[in-house]
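> For reference, this is start24.txt, and it has compact mmCIF, C-alpha atoms.
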# COMPACT_ATOMS: atom_id res chain seq x y z
CA MET A 741 60.55 167.03 144.75
CA SER A 742 60.61 163.38 145.81
CA TRP A 743 63.98 161.99 146.75
CA HIS A 744 64.44 158.41 145.57
CA ALA A 745 66.64 157.63 148.58
CA VAL A 746 63.73 158.54 150.88
CA ALA A 747 61.00 156.85 148.84
CA ALA A 748 63.10 153.68 148.72
CA LEU A 749 62.70 153.26 152.48
CA ASP A 750 59.11 152.09 152.05
CA ASP A 751 59.91 150.19 148.86
CA ALA A 752 62.55 148.22 150.73
CA VAL A 753 60.10 147.32 153.50
CA ASP A 754 57.65 145.89 150.95
CA ALA A 755 60.39 144.11 149.04
CA THR A 756 61.87 142.56 152.18
CA ARG A 757 58.46 141.40 153.42
CA ARG A 758 57.60 139.79 150.08
CA PHE A 759 61.09 138.29 149.73
CA LEU A 760 61.14 136.65 153.17
CA PHE A 761 57.48 135.90 153.85
CA PRO A 762 55.48 133.76 153.99
CA PHE A 763 58.16 132.01 156.00
CA SER A 764 59.98 129.10 154.38
CA LEU A 765 62.63 127.22 156.34
CA VAL A 766 64.44 126.18 153.14
CA ARG A 767 64.61 129.74 151.77
CA TRP A 768 65.70 131.23 155.10
CA ALA A 769 68.35 128.51 155.54
CA LYS A 770 69.79 129.26 152.09
CA LEU A 771 69.79 133.00 152.76
CA ALA A 772 71.43 132.44 156.14
CA PHE A 773 74.15 130.42 154.43
CA LEU A 774 74.73 133.20 151.89
CA ILE A 775 74.86 135.96 154.49
CA LEU A 776 77.16 133.92 156.71
CA LEU A 777 79.75 133.48 153.96
CA MET A 778 79.25 136.25 151.44
CA GLY A 779 81.80 139.05 151.32
CA GLY A 780 81.59 142.71 150.53
CA SER A 781 80.89 146.07 152.04
CA GLY A 782 80.64 145.91 155.74
CA ALA A 783 82.69 142.80 155.91
CA SER A 784 85.88 143.28 157.80
CA VAL A 785 88.96 141.23 158.51
CA ASN A 786 90.06 141.31 162.10
CA ALA A 787 93.67 142.27 162.53
CA PRO A 788 95.78 139.60 164.24
CA VAL A 789 96.50 140.26 167.89
CA SER A 790 98.96 138.86 170.33
CA PHE A 791 97.92 135.42 171.52
CA VAL A 792 99.91 135.86 174.72
CA SER A 793 98.24 139.13 175.65
CA ASP A 794 94.76 137.78 174.89
CA THR A 795 95.11 134.62 176.91
CA GLY A 796 96.85 136.26 179.83
CA VAL A 797 99.87 133.97 179.58
CA ALA A 798 102.90 135.49 181.30
CA PRO A 799 106.37 134.26 182.30
CA PRO A 800 106.53 132.62 185.72
CA ARG A 801 107.30 134.97 188.58
CA GLY A 802 110.89 135.24 189.51
CA THR A 803 112.01 134.17 186.08
CA ASP A 804 114.49 136.24 184.12
CA TRP A 805 114.44 134.92 180.59
CA GLY A 806 117.31 137.13 179.64
CA LEU A 807 119.68 136.13 182.48
CA GLY A 808 118.30 133.09 184.27
CA ASP A 809 118.50 129.42 183.50
CA VAL A 810 114.73 129.01 183.14
CA GLY A 811 113.13 129.98 179.86
CA PRO A 812 113.91 129.88 176.16
CA ASN A 813 117.44 129.04 175.17
CA PRO A 814 118.66 131.62 172.62
CA ALA A 815 121.04 129.12 171.05
CA ALA A 816 118.27 126.54 170.70
CA ILE A 817 115.94 129.12 169.17
CA GLU A 818 118.64 130.17 166.69
CA ARG A 819 119.24 126.54 165.71
CA SER A 820 115.49 125.97 165.25
CA VAL A 821 115.10 129.06 163.09
CA GLY A 822 118.16 128.12 161.06
CA SER A 823 116.78 124.64 160.40
CA ILE A 824 113.67 125.99 158.67
CA ASP A 825 113.78 125.47 154.93
CA PRO A 826 113.12 128.84 153.21
CA GLY A 827 111.65 127.04 150.22
CA ALA A 828 109.16 125.14 152.35
CA LEU A 829 108.28 128.33 154.20
CA ALA A 830 107.65 130.11 150.89
CA VAL A 831 105.42 127.25 149.72
CA VAL A 832 103.41 127.39 152.94
CA ALA A 833 103.08 131.18 152.71
CA PHE A 834 102.00 130.93 149.07
CA GLY A 835 99.45 128.26 149.97
CA ILE A 836 97.98 130.42 152.74
CA VAL A 837 97.73 133.42 150.41
CA LEU A 838 96.12 131.24 147.74
CA LEU A 839 93.54 129.96 150.22
CA ILE A 840 92.72 133.50 151.34
CA VAL A 841 92.29 134.63 147.74
CA ALA A 842 90.15 131.59 146.89
CA PHE A 843 87.90 132.13 149.90
CA SER A 844 87.59 135.85 149.13
CA VAL A 845 86.57 135.17 145.53
CA ALA A 846 84.11 132.51 146.65
CA SER A 847 82.55 134.82 149.23
CA LEU A 848 82.18 137.58 146.62
CA SER A 849 80.55 135.13 144.23
CA LEU A 850 78.08 134.22 146.98
CA ARG A 851 77.31 137.91 147.39
CA LEU A 852 76.46 138.05 143.69
CA VAL A 853 74.27 134.98 144.21
CA PHE A 854 72.27 136.96 146.79
CA TYR A 855 71.63 139.69 144.21
CA ASP A 856 70.61 136.98 141.76
CA ALA A 857 68.04 135.79 144.29
CA VAL A 858 66.64 139.29 144.67
CA ARG A 859 66.39 139.67 140.90
CA THR A 860 64.72 136.32 140.19
CA ASN A 861 62.92 135.83 143.53
CA ARG A 862 64.45 132.37 143.61
CA VAL A 863 67.15 131.40 146.10
CA ARG A 864 69.54 129.13 144.25
CA ILE A 865 73.17 128.70 145.19
CA TRP A 866 75.31 126.30 143.18
CA ARG A 867 74.58 127.25 139.56
CA PRO A 868 74.55 131.03 140.13
CA PHE A 869 77.73 130.62 142.20
CA LEU A 870 79.56 129.03 139.29
CA ALA A 871 78.08 131.48 136.79
CA ARG A 872 79.25 134.50 138.80
CA LEU A 873 82.81 133.35 139.52
CA ARG A 874 84.33 135.36 136.67
CA GLN A 875 82.59 138.53 137.86
CA ALA A 876 83.71 137.74 141.41
CA ILE A 877 87.34 137.48 140.33
CA GLY A 878 87.17 140.89 138.65
CA LEU A 879 85.41 142.34 141.69
CA PHE A 880 88.11 140.92 143.96
CA LEU A 881 90.94 142.45 141.91
CA PHE A 882 89.13 145.78 141.75
CA THR A 883 88.51 145.72 145.51
CA VAL A 884 92.15 144.96 146.27
CA THR A 885 93.29 147.79 143.99
CA LEU A 886 90.95 150.32 145.60
CA SER A 887 91.81 149.12 149.10
CA VAL A 888 95.53 149.46 148.44
CA ALA A 889 94.96 152.92 146.94
CA ALA A 890 92.97 153.98 150.01
CA ALA A 891 95.56 152.63 152.43
CA ALA A 892 98.66 153.83 150.57
CA PRO A 893 98.60 157.53 151.65
CA VAL A 894 98.01 156.58 155.28
CA ALA A 895 100.74 153.94 155.24
CA LEU A 896 103.13 156.35 153.52
CA ALA A 897 102.41 159.07 156.07
CA VAL A 898 103.04 156.70 158.98
CA LEU A 899 106.21 155.31 157.41
CA VAL A 900 107.58 158.76 156.64
CA THR A 901 106.79 159.99 160.17
CA VAL A 902 108.64 157.05 161.69
CA ALA A 903 111.58 157.41 159.30
CA ALA A 904 111.83 161.14 159.99
CA ASP A 905 112.47 160.47 163.70
CA ALA A 906 114.75 157.46 163.19
CA PRO A 907 115.94 156.37 159.71
CA ILE A 908 114.89 152.79 159.05
CA GLY A 909 117.82 152.00 156.79
CA TRP A 910 115.86 151.74 153.55
CA GLU A 911 117.24 154.50 151.37
CA PRO A 912 114.11 155.28 149.27
CA VAL A 913 111.95 155.77 152.36
CA ASP A 914 114.63 157.67 154.25
CA THR A 915 115.14 159.94 151.23
CA VAL A 916 111.40 160.63 150.90
CA ALA A 917 111.14 161.26 154.64
CA GLY A 918 114.02 163.73 154.49
CA THR A 919 112.52 165.50 151.50
CA LEU A 920 109.08 165.81 153.06
CA GLY A 921 110.58 166.87 156.35
CA SER A 922 112.28 169.81 154.64
CA LEU A 923 109.02 171.11 153.18
CA SER A 924 107.27 174.14 154.61
CA VAL A 925 104.31 173.74 156.95
CA GLY A 926 101.90 175.07 154.31
CA THR A 927 103.07 172.61 151.68
CA THR A 928 102.85 169.75 154.16
CA VAL A 929 99.27 170.72 155.07
CA VAL A 930 98.30 170.89 151.39
CA LEU A 931 99.77 167.43 150.76
CA GLY A 932 97.95 166.10 153.80
CA VAL A 933 94.63 167.51 152.59
CA LEU A 934 95.18 166.07 149.11
CA GLY A 935 96.02 162.69 150.63
CA ALA A 936 92.87 162.80 152.78
CA VAL A 937 90.73 163.67 149.74
CA PHE A 938 92.29 160.83 147.78
CA VAL A 939 91.54 158.36 150.59
CA ALA A 940 87.96 159.63 150.89
CA VAL A 941 87.38 159.25 147.14
CA ALA A 942 88.81 155.73 147.14
CA VAL A 943 86.64 154.70 150.10
CA LEU A 944 83.55 156.24 148.49
CA ALA A 945 84.32 154.47 145.21
CA LEU A 946 84.58 151.20 147.14
CA ARG A 947 81.18 151.83 148.72
CA PHE A 948 79.52 152.65 145.42
CA THR A 949 81.10 149.55 143.91
CA TYR A 950 79.30 147.25 146.34
CA GLU A 951 76.09 149.21 146.75
CA PHE A 952 75.43 150.24 143.14
CA VAL A 953 77.96 148.78 140.70
CA VAL A 954 77.44 145.18 141.86
CA PRO A 955 73.67 145.27 141.14
CA THR A 956 74.50 147.01 137.85
CA MET A 957 76.79 144.10 136.99
CA ILE A 958 73.92 141.69 137.63
CA VAL A 959 71.44 143.66 135.52
CA GLU A 960 73.83 144.32 132.64
CA GLY A 961 75.64 140.98 132.81
CA THR A 962 79.00 142.72 132.70
CA GLY A 963 82.21 142.94 134.70
CA VAL A 964 83.14 145.48 137.33
CA LEU A 965 84.66 147.93 134.84
CA GLY A 966 81.62 147.65 132.58
CA GLY A 967 79.39 148.09 135.62
CA TRP A 968 81.26 151.24 136.64
CA SER A 969 81.07 152.59 133.09
CA ARG A 970 77.28 152.10 133.10
CA PHE A 971 76.77 153.44 136.63
CA TRP A 972 78.95 156.48 135.95
CA THR A 973 76.23 157.89 133.70
CA THR A 974 73.73 157.63 136.55
CA LEU A 975 76.20 159.07 139.03
CA ARG A 976 76.79 162.18 136.95
CA ALA A 977 73.08 162.73 136.32
CA GLU A 978 71.88 162.01 139.86
CA TRP A 979 74.75 163.15 142.08
CA THR A 980 72.44 165.16 144.32
CA GLU A 981 70.37 162.02 144.88
CA LEU A 982 73.52 160.20 145.91
CA VAL A 983 74.35 162.89 148.47
CA VAL A 984 70.92 162.40 150.05
CA TYR A 985 71.38 158.65 149.79
CA LEU A 986 74.62 158.73 151.77
CA PHE A 987 72.90 160.54 154.64
CA VAL A 988 69.80 158.33 154.62
CA HIS A 989 71.89 155.18 154.29
CA PHE A 990 73.88 156.21 157.36
CA VAL A 991 70.64 156.53 159.36
CA VAL A 992 69.38 153.20 158.02
CA SER A 993 72.65 151.45 158.86
CA LEU A 994 72.62 152.96 162.34
CA GLY A 995 69.07 151.74 162.92
CA LEU A 996 69.84 148.25 161.64
CA SER A 997 72.96 148.11 163.82
CA VAL A 998 70.89 149.02 166.87
CA VAL A 999 68.37 146.30 166.08
CA ALA A 1000 71.11 143.73 165.52
CA GLY A 1001 72.90 144.86 168.69
CA ILE A 1002 69.79 144.53 170.86
CA ALA A 1003 69.09 141.10 169.39
CA ALA A 1004 72.69 140.05 170.06
CA VAL A 1005 72.53 141.19 173.70
CA LEU A 1006 69.23 139.40 174.31
CA ALA A 1007 70.43 136.21 172.59
CA PHE A 1008 73.73 136.25 174.48
CA ALA A 1009 71.94 136.77 177.80
CA LEU A 1010 69.60 133.87 177.08
CA VAL A 1011 72.37 131.51 175.99
CA ALA A 1012 74.62 132.53 178.90
CA ALA A 1013 71.80 131.95 181.41
CA VAL A 1014 70.99 128.50 180.04
CA ALA A 1015 74.67 127.51 179.76
CA GLY A 1016 75.33 128.76 183.30
CA LEU A 1017 72.41 126.74 184.66
CA VAL A 1018 73.60 123.60 182.87
CA LEU A 1019 77.15 124.04 184.18
CA LEU A 1020 75.79 124.61 187.69
CA LEU A 1021 73.91 121.31 187.52
CA VAL A 1022 77.04 119.59 186.21
CA ALA A 1023 79.07 121.12 189.06
CA VAL A 1024 76.58 119.74 191.59
CA ALA A 1025 76.86 116.32 189.99
CA PHE A 1026 80.68 116.50 190.15
CA GLY A 1027 80.69 117.57 193.78
CA GLY A 1028 81.26 121.32 193.52
CA LEU A 1029 82.72 124.12 191.41
CA GLY A 1030 86.25 123.06 192.32
CA ALA A 1031 85.68 119.64 190.78
CA LEU A 1032 84.16 121.25 187.68
CA VAL A 1033 87.18 123.48 187.15
CA GLY A 1034 89.92 121.20 188.41
CA THR A 1035 89.11 117.95 186.62
CA THR A 1036 89.46 116.83 183.03
CA ALA A 1037 85.80 115.87 182.86
CA GLY A 1038 84.82 119.30 184.21
CA ALA A 1039 87.03 121.08 181.68
CA ALA A 1040 85.49 118.98 178.90
CA ALA A 1041 82.00 119.93 180.14
CA ILE A 1042 82.90 123.62 180.11
CA ALA A 1043 84.38 123.36 176.61
CA LEU A 1044 81.28 121.52 175.38
CA ALA A 1045 79.01 124.16 176.94
CA VAL A 1046 80.99 126.94 175.25
CA LEU A 1047 80.86 125.23 171.86
CA ALA A 1048 77.17 124.42 172.14
CA GLY A 1049 76.39 127.93 173.36
CA SER A 1050 78.30 129.48 170.46
CA ALA A 1051 76.42 127.31 167.96
CA VAL A 1052 73.05 128.19 169.50
CA LEU A 1053 73.98 131.87 169.56
CA LEU A 1054 74.84 131.73 165.87
CA VAL A 1055 71.54 130.02 165.08
CA LEU A 1056 69.64 132.68 167.04
CA LEU A 1057 71.42 135.61 165.40
CA LEU A 1058 71.42 134.45 161.79
CA PRO A 1059 67.69 135.11 161.23
CA VAL A 1060 68.22 138.67 162.44
CA GLN A 1061 71.08 139.04 159.98
CA VAL A 1062 68.91 137.65 157.19
CA LEU A 1063 66.26 140.25 157.95
CA THR A 1064 68.60 143.25 158.34
CA GLN A 1065 70.86 142.41 155.39
CA SER A 1066 67.90 141.71 153.13
CA TYR A 1067 66.44 145.09 154.00
CA ARG A 1068 69.78 146.85 153.53
CA ILE A 1069 70.30 145.38 150.07
CA ALA A 1070 66.66 145.94 149.11
CA TYR A 1071 67.04 149.59 150.10
CA GLU A 1072 70.20 150.02 148.04
CA VAL A 1073 68.81 148.42 144.88
CA SER A 1074 65.49 150.26 145.30
CA THR A 1075 67.37 153.55 145.38
CA LEU A 1076 69.34 152.58 142.29
CA GLY A 1077 66.15 151.55 140.49
CA GLY A 1078 64.52 154.85 141.41
CA MET A 1079 67.42 156.87 140.05
CA ASP A 1080 67.72 154.78 136.88
CA PRO A 1081 64.80 152.46 136.03
CA ASP A 1082 66.97 150.66 133.48
CA LEU A 1083 69.12 149.42 136.39
CA ALA A 1084 66.17 148.23 138.49
CA LEU A 1085 67.06 144.87 140.02
CA LEU A 1086 64.09 143.84 142.17
CA HIS A 1087 61.80 141.19 140.76
CA PRO A 1088 58.27 142.50 139.99
CA ASP A 1089 56.78 140.10 142.55
CA LEU A 1090 58.68 141.89 145.30
CA GLY A 1091 56.40 144.85 144.82
CA SER A 1092 58.80 147.77 144.47
CA ARG A 1093 57.51 150.71 142.51
CA ALA A 1094 60.96 150.85 140.86
CA SER A 1095 61.36 147.17 140.27
CA GLY A 1096 60.99 147.42 136.51
CA SER A 1097 60.63 144.23 134.52
CA PRO A 1098 63.87 142.29 134.69
CA GLU A 1099 63.90 138.92 133.06
CA GLY A 1100 63.61 136.29 135.71
CA ASP A 1101 61.66 133.26 136.69
CA ALA A 1102 58.72 133.32 139.01
CA ALA A 1103 59.27 132.26 142.58
CA ASP A 1104 60.22 128.63 142.74
CA PRO A 1105 58.12 126.58 145.19
CA SER A 1106 61.24 124.56 145.97
CA ASP A 1107 62.75 127.38 147.99
CA ARG A 1108 59.48 128.23 149.67
Rewrite the coordinates I just gave you, this time as structure tokens.

Amino acid sequence: MSWHAVAALDDAVDATRRFLFPFSLVRWAKLAFLILLMGGSGASVNAPVSFVSDTGVAPPRGTDWGLGDVGPNPAAIERSVGSIDPGALAVVAFGIVLLIVAFSVASLSLRLVFYDAVRTNRVRIWRPFLARLRQAIGLFLFTVTLSVAAAAPVALAVLVTVAADAPIGWEPVDTVAGTLGSLSVGTTVVLGVLGAVFVAVAVLALRFTYEFVVPTMIVEGTGVLGGWSRFWTTLRAEWTELVVYLFVHFVVSLGLSVVAGIAAVLAFALVAAVAGLVLLLVAVAFGGLGALVGTTAGAAAIALAVLAGSAVLLVLLLPVQVLTQSYRIAYEVSTLGGMDPDLALLHPDLGSRASGSPEGDAADPSDR
């Protein structure tokens, strides 16, 4: 028996090679732009951390902010906080949330544009971006719902654990914490297992949404619910294939991460060496390292070197991301096309045995 998830490994190699080569600066630049901004599986939002702890800023030695005269004035802080207009604060908060939502929807639409490029073998951005906005909005709402569902049991468990030790003063939570605390150990274990299963199912559903339902949405021209309805038939019929796929995909992702990691280390070493040499020459011109660090011109030179180095590092790493992400997506859609030829997404020119015959234009010389 031939597993589609295994056969798709070679299909994805052929598809990636035909999609990216012969090399075209215009096509690679467009793909780099898409990969830089598109959202989806594998994208993560870094949790905010303390600015003070990251920068190493600490109160001056010998200063007692609680008792001494040096430091923040509690009365002044209270007056400043009291002078803030709650309405203005709410407007600012709403604006920030709106910007985050707008950027998330736009990034998801760009992800759909990438799948459009794979299907048509043409890398276009603006028109497909506008055409996929409605699907992106539905995908965003579905993603938020699944993410909240996956996080809810964990958040509830943490909140209840905290409230069980010290009531937080919110009666519903304190009541639930007291009720759960009075349960037997066996019942608590069963609830924990059920919660873990629920989280696992939600996370798996989120993965399948981006790896299989999104290409289904492109092929069928439907929304996320319609895509799930169509993919559900394939899932039920080919669930053993999906089990194999999860294992093979893990190995593929691990290999791609290693490749990207090695490339990042080499690129960082190269950029750091060049930037260090440039700063050393600047230090000699300024009269020494002390002048480089202790003068405004030296600080400006360091800041410029950091900014330039970061830009060069990004330029060096983006082609690697184009290659690895193109292969990852080609592997996922090749597996889907192998399991269900009616959902094949790859353009025939990309050479996959499971590419099918989707309607699409031939490769456009403009993006070559």
> Closest to Val1052 (chain A) among A:Leu776, A:Ala1012, A:Leu839, A:Val937, using all atoms listed in the file?
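The answer is A:Ala1012, which sits nearest to Val1052 (chain A).
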> Please identify every residue of region 914-1004 of chain A that has at least one atom no farther than 9 Å from an atom of region 1060-1066 of chain A, counting all atoms listed in the file, and for each give the shortest atom pair and the distance in Å to one decimal, arranged by chain then increasing number, as a tab-separated table.

residue	atom	partner	partner_atom	distance
A:Leu996	CA	A:Thr1064	CA	6.1
A:Ser997	CA	A:Thr1064	CA	8.5
A:Val999	CA	A:Thr1064	CA	8.3
A:Ala1000	CA	A:Val1060	CA	6.6
A:Ala1003	CA	A:Val1060	CA	7.4
A:Ala1004	CA	A:Val1060	CA	8.9
> How many Å separate CA of Gly1034 (chain A) from CA of Val1022 (chain A)?
13.2 Å
> I need the residue nearest Ala977 (chain A) from this list: A:Arg851, A:Val959, A:Trp743, A:Asp1080. Use all atoms listed in the file for the distance.
A:Asp1080
> Quote the spacing between CA of Ala842 (chain A) and CA of Ile865 (chain A) in Å to one decimal place.
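One can read the CA of Ala842 (chain A) to CA of Ile865 (chain A) distance as 17.3 Å.
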> From the list A:Ala833, A:Leu1083, A:Leu1029, A:Ala1015, which residue is nearest Arg970 (chain A) when using all atoms listed in the file?
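Of A:Ala833, A:Leu1083, A:Leu1029, A:Ala1015, the one nearest Arg970 (chain A), counting all atoms listed in the file, is A:Leu1083.
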> Ala755 (chain A): which residues within 12 Å, counting only C-alpha atoms, same-chain residues fewer than 3 positions away excluded, as a VMD selection string?
chain A and resid 748 to 752 758 to 761 858 to 859 861 1063 1066 to 1074 1085 to 1095
> When you draw a straight line from CA of Leu986 (chain A) to CA of Val845 (chain A), how long is it in Å?
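Atom-to-atom, CA of Leu986 (chain A) to CA of Val845 (chain A), that is 27.1 Å.
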> Pick out the closest residue to Phe938 (chain A) from this set: A:Gly967, A:Pro893, A:Pro826, A:Gly926. Count all atoms listed in the file.
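Comparing A:Gly967, A:Pro893, A:Pro826, A:Gly926 against Phe938 (chain A), the winner is A:Pro893.
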> Given the choices A:Ala1043, A:Phe971, A:Ala1051, A:Glu981, which gets closest to Asp1082 (chain A) if the distance is worked out from only C-alpha atoms?
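Using only C-alpha atoms, the shortest distance to Asp1082 (chain A) belongs to A:Phe971.
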> For a quick check of understanding, using only C-alpha atoms, which of A:Leu774, A:Phe880, A:Met1079, A:Ala745 has the smallest distance to Val988 (chain A)?
A:Ala745
